[in-house]
Structure formats: C-alpha cells, structure tokens
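Asks: Before we start, here is the structure in question, set down as structure tokens.
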Amino acid sequence: METRRRKRRPGAVARMAAAVMRGAQWCRARMVSGWHMVVGRCRPWSPEVLVDAKRARARRLRRAISRGTRAQFHALGVAPPAHLVVVVQRAVSEGRPLAALLQVFEGADGSRRHVLFVALSVNGEPVSDGEIVATIRQQLHRIVGDALGALTLTVPVAPSRTRPATVTPIRSMDEPPYEDAPPPDDPDWQHVDDGAYPVAAER
C-alpha cells in the first residue's frame with residue numbers, strides 16, 4: 001500500500017503544477033488583452049509618419065497627416081490597415097517625377113504593409129501642406145479599397161470658368177467731354193450752328 005501511495009503522489013503534484021501553469025497563462029493572456037484595450041483607447045491607431053523637412057514644418061505635417069488619416073478612415077467607416085508608413089520627402093520618382101507613390105508589401109502569412117511616399121516638390125515647384133494632405137487622402141482610398149468595395153460611379157466636376165471683368169476706360173480730365181467743346185487757349189473759336197438743335201433767336 002505504501003508503494004502505491006508513493007507512486008500516486010508524483011502524478012498528483014504534476015497535475016497540480018500543470019493546473020497552476022494553465023491558470024498563470026490564462027491570467028497573463030487576460031492582462032495582455034486588457035493592456036492592449038487600455039492602450040488602444042488612450043492612444044488610438046495612428047500611422048507612422050516620417051517627414052524630411054525643417055523641424056517646425058515636420059512637426060506640423062506629422063500632426064496634420066495623423067489627424068487627417070484617422071479622420072478619413074473614421075469617415076469612410078472602415079478599419080485602418082495594420083501597418084501604414086507615410087514618408088514625406090523632397091522628391092519622389094519612378095522613372096519620372098511623381099507627386100506620390102504607394103507600395104504594398106505582402107508577407108508569407110498574408111499580412112500587408114503599406115508605404116506611401118509623398119513629394120515635397122514636383123518639377124522644382126514646392127508643394128504646400130494642404131496639397132500634401134489632399135494627396136494622402138486620395139491615396140488612402142486605394143489602401144482600403146477592398147474594404148470599401150467596388151467603385152460603381154464617378155462624377156467628375158470641372159472647375160467653373162470665371163469671366164474676365166469688364167474694364168471701362170477712365171476718361172482723362174484733360175480731354176474735353178465733347179468734340180465741339182472750345183479749346184481752353186483758343187480765343188478765335190466760334191460755335192457753328194448746323195441746325196440739328198433749335199436755337200432761340202436773340203431779341
């Protein structure tokens with residue numbers, strides 16, 4: 001009997017140790033999940049933004065791009081990609097100068113990583129901060145194209161043409177208002193009545 005009891009004890013201890021390990025793993029998984037939830041609420045999703053510009057403009061662009069990207073995905077009602085890097089650099093080219101270039105990398109597990117390059121200048125002309133944000137917003141539709149679904153309608157609207165303003169020439173004050181007005185320095189000028197208008201006779 002003593003030999004049987006001694007053989008059973010190691011099995012019971014092992015089962016208890018395994019149960020403790022499972023409990024510890026469950027607690028750890030719960031803690032990690034809760035931590036990610038808290039971090040996700042306190043610090044929402046944001047793309048990685050790299051800007052090759054002066055410090056003040058780089059800080060301003062990073063802030064505008066992060067806010068604009070989050071607002072765009074929220075307005076579209078789609079989840080943002082798992083990994084998005086936005087690189088704003090001096091020039092972007094792929095055989096020719098480009099305003100933006102989107103590259104998508106797919107891993108062996110099917111995960112995708114998006115890298116969006118945006119140019120600070122195109123053909124030697126600088127691009128403003130508003131134009132950079134607008135370019136990024138147009139490229140975001142391609143990033144989440146699968147979630148948006150198939151495009152069924154596009155209605156382009158051309159900018160309205162403004163008519164040139166009518167310019168009325170201003171008559172110089174030195175010119176006489178009428179052709180038959182007397183010159184200012186001519187004492188011999190006399191008015192000639194051509195009969196077009198009635199003239200009262202002198203009494």
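Chains: A, B, ... in order of the structure tokens. Residues: from 1 per chain. Ligands: from 1, in order shown.
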Excluding Asn123 of chain A and its own-chain neighbours fewer than 5 positions away, which residues fall within 12 Å of it when counting only C-alpha atoms? Please give them as number ranges by chain.

Replies: A: 90-93, 96-99

Asks: For the helix (DSSP H, G or I) assignment from backbone DSSP, which residues of segment 14-145 of chain A qualify? Please present them as a PyMOL selection string.

Replies: chain A and resi 14-42+55-76+129-143+145

Asks: Counting only C-alpha atoms, what is within 12 Å of Lys54 of chain A, bar same-chain residues fewer than 4 positions away, as a list in words?

Replies: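 In the requested format, the answer is Leu50, Ala58, Arg59, Arg60, Leu61, Arg62, Val88, Gln89, Arg90 and Leu120 of chain A.
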
Asks: Since we have the selection now, will you write its residues out, keeping all heavy atoms, as a PDB file, in the first residue's frame?

Replies:
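Result file follows (result-v4.pdb):
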ATOM      1  N   LEU A  50       7.022  59.914 -41.346  1.00  0.00           N
ATOM      2  CA  LEU A  50       8.400  60.402 -41.416  1.00  0.00           C
ATOM      3  C   LEU A  50       8.420  61.574 -42.391  1.00  0.00           C
ATOM      4  O   LEU A  50       7.974  61.439 -43.532  1.00  0.00           O
ATOM      5  CB  LEU A  50       9.348  59.299 -41.888  1.00  0.00           C
ATOM      6  CG  LEU A  50       9.314  57.981 -41.096  1.00  0.00           C
ATOM      7  CD1 LEU A  50      10.222  56.957 -41.745  1.00  0.00           C
ATOM      8  CD2 LEU A  50       9.720  58.211 -39.653  1.00  0.00           C
ATOM      9  N   ALA A  58       8.071  69.890 -40.144  1.00  0.00           N
ATOM     10  CA  ALA A  58       7.938  68.444 -39.956  1.00  0.00           C
ATOM     11  C   ALA A  58       6.962  68.136 -38.830  1.00  0.00           C
ATOM     12  O   ALA A  58       6.109  67.239 -38.961  1.00  0.00           O
ATOM     13  CB  ALA A  58       9.306  67.837 -39.660  1.00  0.00           C
ATOM     14  N   ARG A  59       7.048  68.875 -37.733  1.00  0.00           N
ATOM     15  CA  ARG A  59       6.120  68.656 -36.626  1.00  0.00           C
ATOM     16  C   ARG A  59       4.691  68.987 -37.043  1.00  0.00           C
ATOM     17  O   ARG A  59       3.748  68.248 -36.717  1.00  0.00           O
ATOM     18  CB  ARG A  59       6.548  69.505 -35.434  1.00  0.00           C
ATOM     19  CG  ARG A  59       5.700  69.304 -34.198  1.00  0.00           C
ATOM     20  CD  ARG A  59       6.322  69.972 -32.977  1.00  0.00           C
ATOM     21  NE  ARG A  59       6.577  71.385 -33.209  1.00  0.00           N
ATOM     22  CZ  ARG A  59       7.785  71.923 -33.350  1.00  0.00           C
ATOM     23  NH1 ARG A  59       8.861  71.152 -33.320  1.00  0.00           N
ATOM     24  NH2 ARG A  59       7.940  73.216 -33.539  1.00  0.00           N
ATOM     25  N   ARG A  60       4.523  70.065 -37.793  1.00  0.00           N
ATOM     26  CA  ARG A  60       3.187  70.457 -38.248  1.00  0.00           C
ATOM     27  C   ARG A  60       2.613  69.435 -39.220  1.00  0.00           C
ATOM     28  O   ARG A  60       1.429  69.081 -39.138  1.00  0.00           O
ATOM     29  CB  ARG A  60       3.274  71.834 -38.897  1.00  0.00           C
ATOM     30  CG  ARG A  60       1.933  72.407 -39.313  1.00  0.00           C
ATOM     31  CD  ARG A  60       2.055  73.841 -39.758  1.00  0.00           C
ATOM     32  NE  ARG A  60       2.876  73.968 -40.957  1.00  0.00           N
ATOM     33  CZ  ARG A  60       4.086  74.525 -40.985  1.00  0.00           C
ATOM     34  NH1 ARG A  60       4.634  74.988 -39.869  1.00  0.00           N
ATOM     35  NH2 ARG A  60       4.770  74.617 -42.117  1.00  0.00           N
ATOM     36  N   LEU A  61       3.434  68.922 -40.136  1.00  0.00           N
ATOM     37  CA  LEU A  61       2.959  67.938 -41.106  1.00  0.00           C
ATOM     38  C   LEU A  61       2.627  66.610 -40.438  1.00  0.00           C
ATOM     39  O   LEU A  61       1.629  65.967 -40.792  1.00  0.00           O
ATOM     40  CB  LEU A  61       4.007  67.737 -42.195  1.00  0.00           C
ATOM     41  CG  LEU A  61       3.923  68.676 -43.401  1.00  0.00           C
ATOM     42  CD1 LEU A  61       5.104  68.450 -44.325  1.00  0.00           C
ATOM     43  CD2 LEU A  61       2.621  68.484 -44.141  1.00  0.00           C
ATOM     44  N   ARG A  62       3.453  66.172 -39.510  1.00  0.00           N
ATOM     45  CA  ARG A  62       3.161  64.904 -38.818  1.00  0.00           C
ATOM     46  C   ARG A  62       1.821  64.977 -38.104  1.00  0.00           C
ATOM     47  O   ARG A  62       1.022  64.025 -38.151  1.00  0.00           O
ATOM     48  CB  ARG A  62       4.284  64.580 -37.831  1.00  0.00           C
ATOM     49  CG  ARG A  62       5.530  64.015 -38.468  1.00  0.00           C
ATOM     50  CD  ARG A  62       6.421  63.381 -37.418  1.00  0.00           C
ATOM     51  NE  ARG A  62       6.879  64.372 -36.442  1.00  0.00           N
ATOM     52  CZ  ARG A  62       8.016  65.042 -36.537  1.00  0.00           C
ATOM     53  NH1 ARG A  62       8.822  64.840 -37.573  1.00  0.00           N
ATOM     54  NH2 ARG A  62       8.368  65.909 -35.605  1.00  0.00           N
ATOM     55  N   VAL A  88       7.219  61.541 -46.178  1.00  0.00           N
ATOM     56  CA  VAL A  88       7.179  62.805 -46.917  1.00  0.00           C
ATOM     57  C   VAL A  88       8.621  63.242 -47.126  1.00  0.00           C
ATOM     58  O   VAL A  88       9.311  63.600 -46.173  1.00  0.00           O
ATOM     59  CB  VAL A  88       6.379  63.874 -46.162  1.00  0.00           C
ATOM     60  CG1 VAL A  88       6.280  65.152 -46.982  1.00  0.00           C
ATOM     61  CG2 VAL A  88       4.992  63.359 -45.818  1.00  0.00           C
ATOM     62  N   GLN A  89       9.079  63.193 -48.372  1.00  0.00           N
ATOM     63  CA  GLN A  89      10.468  63.506 -48.674  1.00  0.00           C
ATOM     64  C   GLN A  89      10.537  64.548 -49.782  1.00  0.00           C
ATOM     65  O   GLN A  89       9.527  64.944 -50.347  1.00  0.00           O
ATOM     66  CB  GLN A  89      11.228  62.247 -49.078  1.00  0.00           C
ATOM     67  CG  GLN A  89      10.648  61.505 -50.261  1.00  0.00           C
ATOM     68  CD  GLN A  89      11.296  60.156 -50.475  1.00  0.00           C
ATOM     69  OE1 GLN A  89      11.875  59.577 -49.572  1.00  0.00           O
ATOM     70  NE2 GLN A  89      11.209  59.652 -51.694  1.00  0.00           N
ATOM     71  N   ARG A  90      11.756  64.981 -50.086  1.00  0.00           N
ATOM     72  CA  ARG A  90      11.936  66.104 -51.004  1.00  0.00           C
ATOM     73  C   ARG A  90      11.405  65.805 -52.394  1.00  0.00           C
ATOM     74  O   ARG A  90      10.765  66.654 -53.010  1.00  0.00           O
ATOM     75  CB  ARG A  90      13.418  66.486 -51.067  1.00  0.00           C
ATOM     76  CG  ARG A  90      13.967  66.934 -49.719  1.00  0.00           C
ATOM     77  CD  ARG A  90      15.389  67.430 -49.827  1.00  0.00           C
ATOM     78  NE  ARG A  90      15.904  67.766 -48.508  1.00  0.00           N
ATOM     79  CZ  ARG A  90      15.711  68.937 -47.923  1.00  0.00           C
ATOM     80  NH1 ARG A  90      15.018  69.865 -48.547  1.00  0.00           N
ATOM     81  NH2 ARG A  90      16.198  69.176 -46.714  1.00  0.00           N
ATOM     82  N   LEU A 120       7.680  66.609 -51.480  1.00  0.00           N
ATOM     83  CA  LEU A 120       7.602  67.993 -51.037  1.00  0.00           C
ATOM     84  C   LEU A 120       7.675  68.972 -52.201  1.00  0.00           C
ATOM     85  O   LEU A 120       7.262  70.128 -52.073  1.00  0.00           O
ATOM     86  CB  LEU A 120       8.726  68.300 -50.041  1.00  0.00           C
ATOM     87  CG  LEU A 120       8.555  67.726 -48.628  1.00  0.00           C
ATOM     88  CD1 LEU A 120       9.838  67.890 -47.838  1.00  0.00           C
ATOM     89  CD2 LEU A 120       7.406  68.406 -47.905  1.00  0.00           C
TER      90      LEU A 120
END

Asks: What lies within 9 Å of segment 104-112 of chain A using only C-alpha atoms, ignoring chain neighbours under 4 positions off, as a list in words?

Replies: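 Final neighbour list, sorted by chain and number: Pro81, Ala82, His83, Leu116 and Ile143 of chain A.
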
Asks: Okay, now the selection with C-alpha atoms, as a short mmCIF file (atom, residue, chain, number, x, y, z; two decimals), in the first residue's frame?

Replies:
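selection29.cif written:
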data_model
loop_
_atom_site.label_atom_id
_atom_site.label_comp_id
_atom_site.auth_asym_id
_atom_site.auth_seq_id
_atom_site.Cartn_x
_atom_site.Cartn_y
_atom_site.Cartn_z
CA PRO A 81 -4.61 48.92 -42.18
CA ALA A 82 -2.48 47.00 -39.72
CA HIS A 83 0.67 48.87 -40.74
CA LEU A 116 3.17 55.82 -49.04
CA ILE A 143 -5.20 51.43 -49.35
#

Asks: Choose the residue, out of A:Gly130, A:Val144, A:Val32, A:Thr154, that has the smallest atom-to-atom separation from Leu84 of chain A; count only C-alpha atoms.

Replies: A:Val144

Asks: Mind the document's chain letters and residue numbers, and return as JSON, numbers by chain the residues of segment 18-151 of chain A that DSSP labels strand (DSSP E or B).

Replies: {"A": [48, 49, 50, 51, 84, 85, 86, 87, 88, 89, 92, 93, 97, 98, 100, 101, 102, 103, 104, 105, 106, 112, 113, 114, 115, 116, 117, 118, 119, 121, 122, 125, 126]}

Asks: Please dump the current selection as a compact mmCIF listing (two decimals), in the first residue's frame; keep N, CA and C atoms.

Replies:
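File result_11.txt, as written:
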# COMPACT_ATOMS: atom_id res chain seq x y z
N GLU A 48 2.60 55.61 -39.02
CA GLU A 48 3.98 56.05 -38.79
C GLU A 48 4.30 57.11 -39.85
N VAL A 49 4.66 58.31 -39.43
CA VAL A 49 4.88 59.42 -40.35
C VAL A 49 6.33 59.88 -40.22
N LEU A 50 7.02 59.91 -41.35
CA LEU A 50 8.40 60.40 -41.42
C LEU A 50 8.42 61.57 -42.39
N VAL A 51 8.94 62.72 -41.95
CA VAL A 51 8.93 63.93 -42.76
C VAL A 51 10.35 64.45 -42.88
N LEU A 84 0.86 51.10 -41.63
CA LEU A 84 0.92 52.14 -42.66
C LEU A 84 2.05 53.11 -42.32
N VAL A 85 2.95 53.30 -43.27
CA VAL A 85 4.05 54.25 -43.12
C VAL A 85 3.89 55.32 -44.18
N VAL A 86 3.89 56.57 -43.77
CA VAL A 86 3.81 57.71 -44.69
C VAL A 86 5.15 58.44 -44.64
N VAL A 87 5.83 58.51 -45.78
CA VAL A 87 7.14 59.15 -45.88
C VAL A 87 7.00 60.38 -46.76
N VAL A 88 7.22 61.54 -46.18
CA VAL A 88 7.18 62.80 -46.92
C VAL A 88 8.62 63.24 -47.13
N GLN A 89 9.08 63.19 -48.37
CA GLN A 89 10.47 63.51 -48.67
C GLN A 89 10.54 64.55 -49.78
N VAL A 92 9.95 62.44 -55.16
CA VAL A 92 9.55 61.05 -55.39
C VAL A 92 9.59 60.81 -56.89
N SER A 93 10.25 59.76 -57.28
CA SER A 93 10.37 59.48 -58.72
C SER A 93 10.38 57.99 -58.95
N PRO A 97 9.21 62.23 -62.34
CA PRO A 97 8.80 62.84 -61.07
C PRO A 97 7.34 62.53 -60.76
N LEU A 98 7.07 62.20 -59.52
CA LEU A 98 5.72 61.86 -59.08
C LEU A 98 5.34 62.70 -57.87
N ALA A 100 3.16 61.33 -55.62
CA ALA A 100 3.04 60.31 -54.58
C ALA A 100 3.27 58.95 -55.19
N LEU A 101 3.67 58.00 -54.34
CA LEU A 101 3.91 56.62 -54.77
C LEU A 101 3.50 55.70 -53.64
N LEU A 102 2.59 54.76 -53.93
CA LEU A 102 2.11 53.80 -52.94
C LEU A 102 2.70 52.43 -53.24
N GLN A 103 3.29 51.82 -52.22
CA GLN A 103 3.85 50.48 -52.34
C GLN A 103 3.21 49.59 -51.27
N VAL A 104 2.83 48.37 -51.67
CA VAL A 104 2.19 47.41 -50.77
C VAL A 104 3.04 46.15 -50.75
N PHE A 105 3.42 45.73 -49.54
CA PHE A 105 4.22 44.52 -49.35
C PHE A 105 3.36 43.48 -48.63
N GLU A 106 3.36 42.25 -49.14
CA GLU A 106 2.57 41.18 -48.56
C GLU A 106 3.49 40.10 -48.03
N ARG A 112 -0.30 42.53 -44.85
CA ARG A 112 0.14 43.57 -45.78
C ARG A 112 0.71 44.76 -45.02
N ARG A 113 1.72 45.35 -45.63
CA ARG A 113 2.30 46.58 -45.11
C ARG A 113 2.31 47.61 -46.22
N HIS A 114 1.79 48.79 -45.90
CA HIS A 114 1.66 49.86 -46.89
C HIS A 114 2.67 50.95 -46.60
N VAL A 115 3.34 51.40 -47.65
CA VAL A 115 4.29 52.50 -47.56
C VAL A 115 3.88 53.54 -48.61
N LEU A 116 3.61 54.75 -48.16
CA LEU A 116 3.17 55.82 -49.04
C LEU A 116 4.22 56.93 -49.04
N PHE A 117 4.79 57.19 -50.22
CA PHE A 117 5.78 58.25 -50.39
C PHE A 117 5.08 59.48 -50.99
N VAL A 118 5.33 60.64 -50.40
CA VAL A 118 4.73 61.89 -50.87
C VAL A 118 5.86 62.91 -51.06
N ALA A 119 5.80 63.65 -52.17
CA ALA A 119 6.87 64.59 -52.51
C ALA A 119 6.60 65.97 -51.94
N SER A 121 8.21 68.54 -53.32
CA SER A 121 8.29 69.38 -54.51
C SER A 121 8.17 68.50 -55.74
N VAL A 122 7.51 69.01 -56.78
CA VAL A 122 7.31 68.30 -58.04
C VAL A 122 7.76 69.22 -59.17
N GLU A 125 8.83 72.72 -58.20
CA GLU A 125 7.86 73.61 -57.57
C GLU A 125 7.47 73.03 -56.21
N PRO A 126 7.58 73.81 -55.14
CA PRO A 126 7.23 73.29 -53.82
C PRO A 126 5.73 73.02 -53.69

Asks: Measuring atom to atom with only C-alpha atoms, identify which of A:Val13, A:Ala75, A:Val20, A:Cys27 is nearest to Leu140 of chain A.

Replies: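 Between A:Val13, A:Ala75, A:Val20, A:Cys27, the residue approaching Leu140 of chain A most closely is A:Ala75.
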
Asks: Which neighbours of Val78 of chain A fall inside 9 Å, counting only C-alpha atoms, when residues of the same chain fewer than 4 positions from it are skipped, and could you give them as an MDAnalysis selection string?

Replies: chainID A and resid 73:74 144 147:148

Asks: Output the selection as an mmCIF file, in the first residue's frame - all heavy atoms for each residue.

Replies:
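What follows is the written file again04.cif:
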data_model
loop_
_atom_site.group_PDB
_atom_site.id
_atom_site.type_symbol
_atom_site.label_atom_id
_atom_site.label_comp_id
_atom_site.auth_asym_id
_atom_site.auth_seq_id
_atom_site.Cartn_x
_atom_site.Cartn_y
_atom_site.Cartn_z
ATOM 1 N N PHE A 73 -10.354 57.553 -42.328
ATOM 2 C CA PHE A 73 -10.810 56.180 -42.105
ATOM 3 C C PHE A 73 -12.094 56.159 -41.286
ATOM 4 O O PHE A 73 -12.986 55.344 -41.528
ATOM 5 C CB PHE A 73 -9.723 55.361 -41.418
ATOM 6 C CG PHE A 73 -8.557 55.038 -42.304
ATOM 7 C CD1 PHE A 73 -7.257 55.125 -41.839
ATOM 8 C CD2 PHE A 73 -8.744 54.648 -43.614
ATOM 9 C CE1 PHE A 73 -6.181 54.832 -42.654
ATOM 10 C CE2 PHE A 73 -7.683 54.362 -44.444
ATOM 11 C CZ PHE A 73 -6.398 54.446 -43.959
ATOM 12 N N HIS A 74 -12.193 57.048 -40.303
ATOM 13 C CA HIS A 74 -13.408 57.106 -39.489
ATOM 14 C C HIS A 74 -14.602 57.550 -40.333
ATOM 15 O O HIS A 74 -15.715 57.015 -40.192
ATOM 16 C CB HIS A 74 -13.197 58.068 -38.317
ATOM 17 C CG HIS A 74 -14.400 58.200 -37.432
ATOM 18 N ND1 HIS A 74 -14.812 57.202 -36.567
ATOM 19 C CD2 HIS A 74 -15.298 59.223 -37.287
ATOM 20 C CE1 HIS A 74 -15.900 57.592 -35.925
ATOM 21 N NE2 HIS A 74 -16.216 58.803 -36.343
ATOM 22 N N VAL A 144 -7.492 51.128 -48.612
ATOM 23 C CA VAL A 144 -8.630 50.370 -48.056
ATOM 24 C C VAL A 144 -9.654 50.075 -49.147
ATOM 25 O O VAL A 144 -10.852 49.985 -48.870
ATOM 26 C CB VAL A 144 -9.272 51.143 -46.889
ATOM 27 C CG1 VAL A 144 -8.331 51.224 -45.706
ATOM 28 C CG2 VAL A 144 -9.690 52.541 -47.340
ATOM 29 N N ALA A 147 -11.930 47.010 -48.518
ATOM 30 C CA ALA A 147 -12.976 47.205 -47.520
ATOM 31 C C ALA A 147 -14.087 48.121 -48.035
ATOM 32 O O ALA A 147 -15.249 47.962 -47.661
ATOM 33 C CB ALA A 147 -12.383 47.778 -46.231
ATOM 34 N N LEU A 148 -13.740 49.065 -48.906
ATOM 35 C CA LEU A 148 -14.753 49.973 -49.449
ATOM 36 C C LEU A 148 -15.670 49.279 -50.445
ATOM 37 O O LEU A 148 -16.839 49.627 -50.566
ATOM 38 C CB LEU A 148 -14.075 51.174 -50.116
ATOM 39 C CG LEU A 148 -13.440 52.207 -49.200
ATOM 40 C CD1 LEU A 148 -12.724 53.261 -50.021
ATOM 41 C CD2 LEU A 148 -14.494 52.848 -48.307
#

Asks: Give me, please, the distance in Å between atom CA of Arg57 of chain A and atom CA of Arg137 of chain A, quoted to one decimal.

Replies: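 Spanning atom CA of Arg57 of chain A to atom CA of Arg137 of chain A is a straight-line distance of 19.0 Å.
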